[in-house]
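So the structure is just underneath, and the comments pick up after that.
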Amino acid sequence: MRKLLALQKKEPPPPPPQKKQQQQKADETKNQEKKNKNQHSNENNKKKQQKHENDKEDDSKQLLQTLSFSSLPTAASAASSKKEKTSSSKSSALRKAFMERLAGSRFRELNEELYTTHSSTAYHKFTEQPELFQQYHDGFKQQVLSWPTNPVDVMLRSIVAYQKQQQQKKKIIVADFGCGEAKLAEKLLSIREVSSSAKQKKKKKQHNKNDTDSSSYCPFEVHSFDLVSGGNPLITPCDMSNVPLETNTVDVAVFCLALMGTNIDDFIREAHRVLKKGNGGILKIAEVRSRFESTTTDSSADNSSGSGGLDEFLQVMKTLGFDCTRMNRSNKMFLMMDFVKNGDEPSKQARFTAKPCIYKRR
């Protein structure tokens with residue numbers, strides 16, 4: 001009984017009716033405010049979404065307009081493009097001219113050095129700096145373009161004619177001293193002939209259309225020497241005064257614009273060593289005329305009085321064991337000379353240095 005009375009005392013009294021109405025009204029007001037706030041937020045979201053869609057549509061229109069205008073070539077854009085192409089073409093031409101001039105300058109520098117130094121010095125320098133070989137020949141090729149005749153082509157025709165004159169058909173052994181890029185070897189080794197036995201065999205089997213004869217051969221064996229091979233398998237790098245060939249094994253020795261250095265006599269002695277005995281070997285030399293001739297009005301006049309003249313050269317060749325059998329002066333720039341052994345051993349005291357071929361600086 002006492003517990004029941006205590007619980008009854010602790011329960012709060014019910015709110016009066018007036019206060020309850022006020023509470024309900026406050027709750028309704030709060031709910032209405034919340035509803036209005038949510039409605040306002042929804043309206044703002046709709047406006048933002050609409051604005052985003054409008055902006056997106058405007059961007060698409062602008063992009064289409066830009067693409068349509070850019071796809072139509074205007075006179076201004078065409079003129080600008082043409083101007084850029086012309087400017088690029090001029091820049092490329094100027095760069096090419098500059099590089100050619102630079103290559104020519106480097107060639108003249110190396111060319112002068114090769115003419116005025118000992119071959120052993122040149123060999124060691126080019127061995128240590130093989131890139132000089134390419135620099136030299138890049139400039140050399142530019143010089144060749146201005147020549148009326150390339151002496152390599154003249155030398156080629158001369159060797160082919162020599163081979164055809166031989167009664168005994170056998171391979172002609174050629175040693176090209178100072179071969180450059182081995183162009184002479186390339187051309188000689190590309191020549192093909194058919195042996196006499198193959199020709200007879202072909203006549204006997206002319207009735208057989210399916211018969212094929214592949215017995216053609218190259219009538220030349222070529223050994224090419226220069227300071228650097230430059231990656232060319234046809235070239236053997238060495239000093240021209242000491243080539244890796246056996247004695248008395250060569251039919252034709254060639255110096256085509258290759259008498260470069262202060263020890264030309266050493267080159268001639270080496271050619272004498274490798275050439276076959278008697279009239280079995282021939283030495284062919286092509287050189288710039290100005291190295292042996294004077295600058296008089298008569299271009300064929302010899303400079304016999306000055307050092308390095310043609311008469312002096314021919315006399316030194318005699319002491320080195322060679323007699324001149326042919327002198328071709330038909331070309332305005334070059335001399336073509338043939339020599340054979342005269343039976344004498346080369347003099348060890350003979351010395352000769354031709355005038356260096358120095359190209360004009362531009």
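In the structure tokens, each chain is lettered A, B, ... as it comes, each chain's residues begin at 1, and ligands are numbered from 1 in order of appearance.
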Tell me, as an MDAnalysis selection string, which residues lie within 10 Å of range 178-180 of chain A, counting only C-alpha atoms; anything in the same chain fewer than 4 positions away does not count.
chainID A and resid 133:134 136:137 140 152 184:185 223:230 234:240 254:260
Using DSSP on the backbone coordinates, identify the residues of range 243-355 of chain A assigned to strand (DSSP E or B); present them as a ChimeraX atom specification.
/A:250,252-256,275,282-288,293,302,322-328,334-341
Enumerate as a VMD selection string all residues of range 107-231 of chain A assigned to alpha helix (DSSP H) by DSSP on the backbone, naming them with the chain letters and numbers the document uses.
chain A and resid 107 to 115 119 to 128 131 to 145 151 to 165 183 to 189 196 to 204
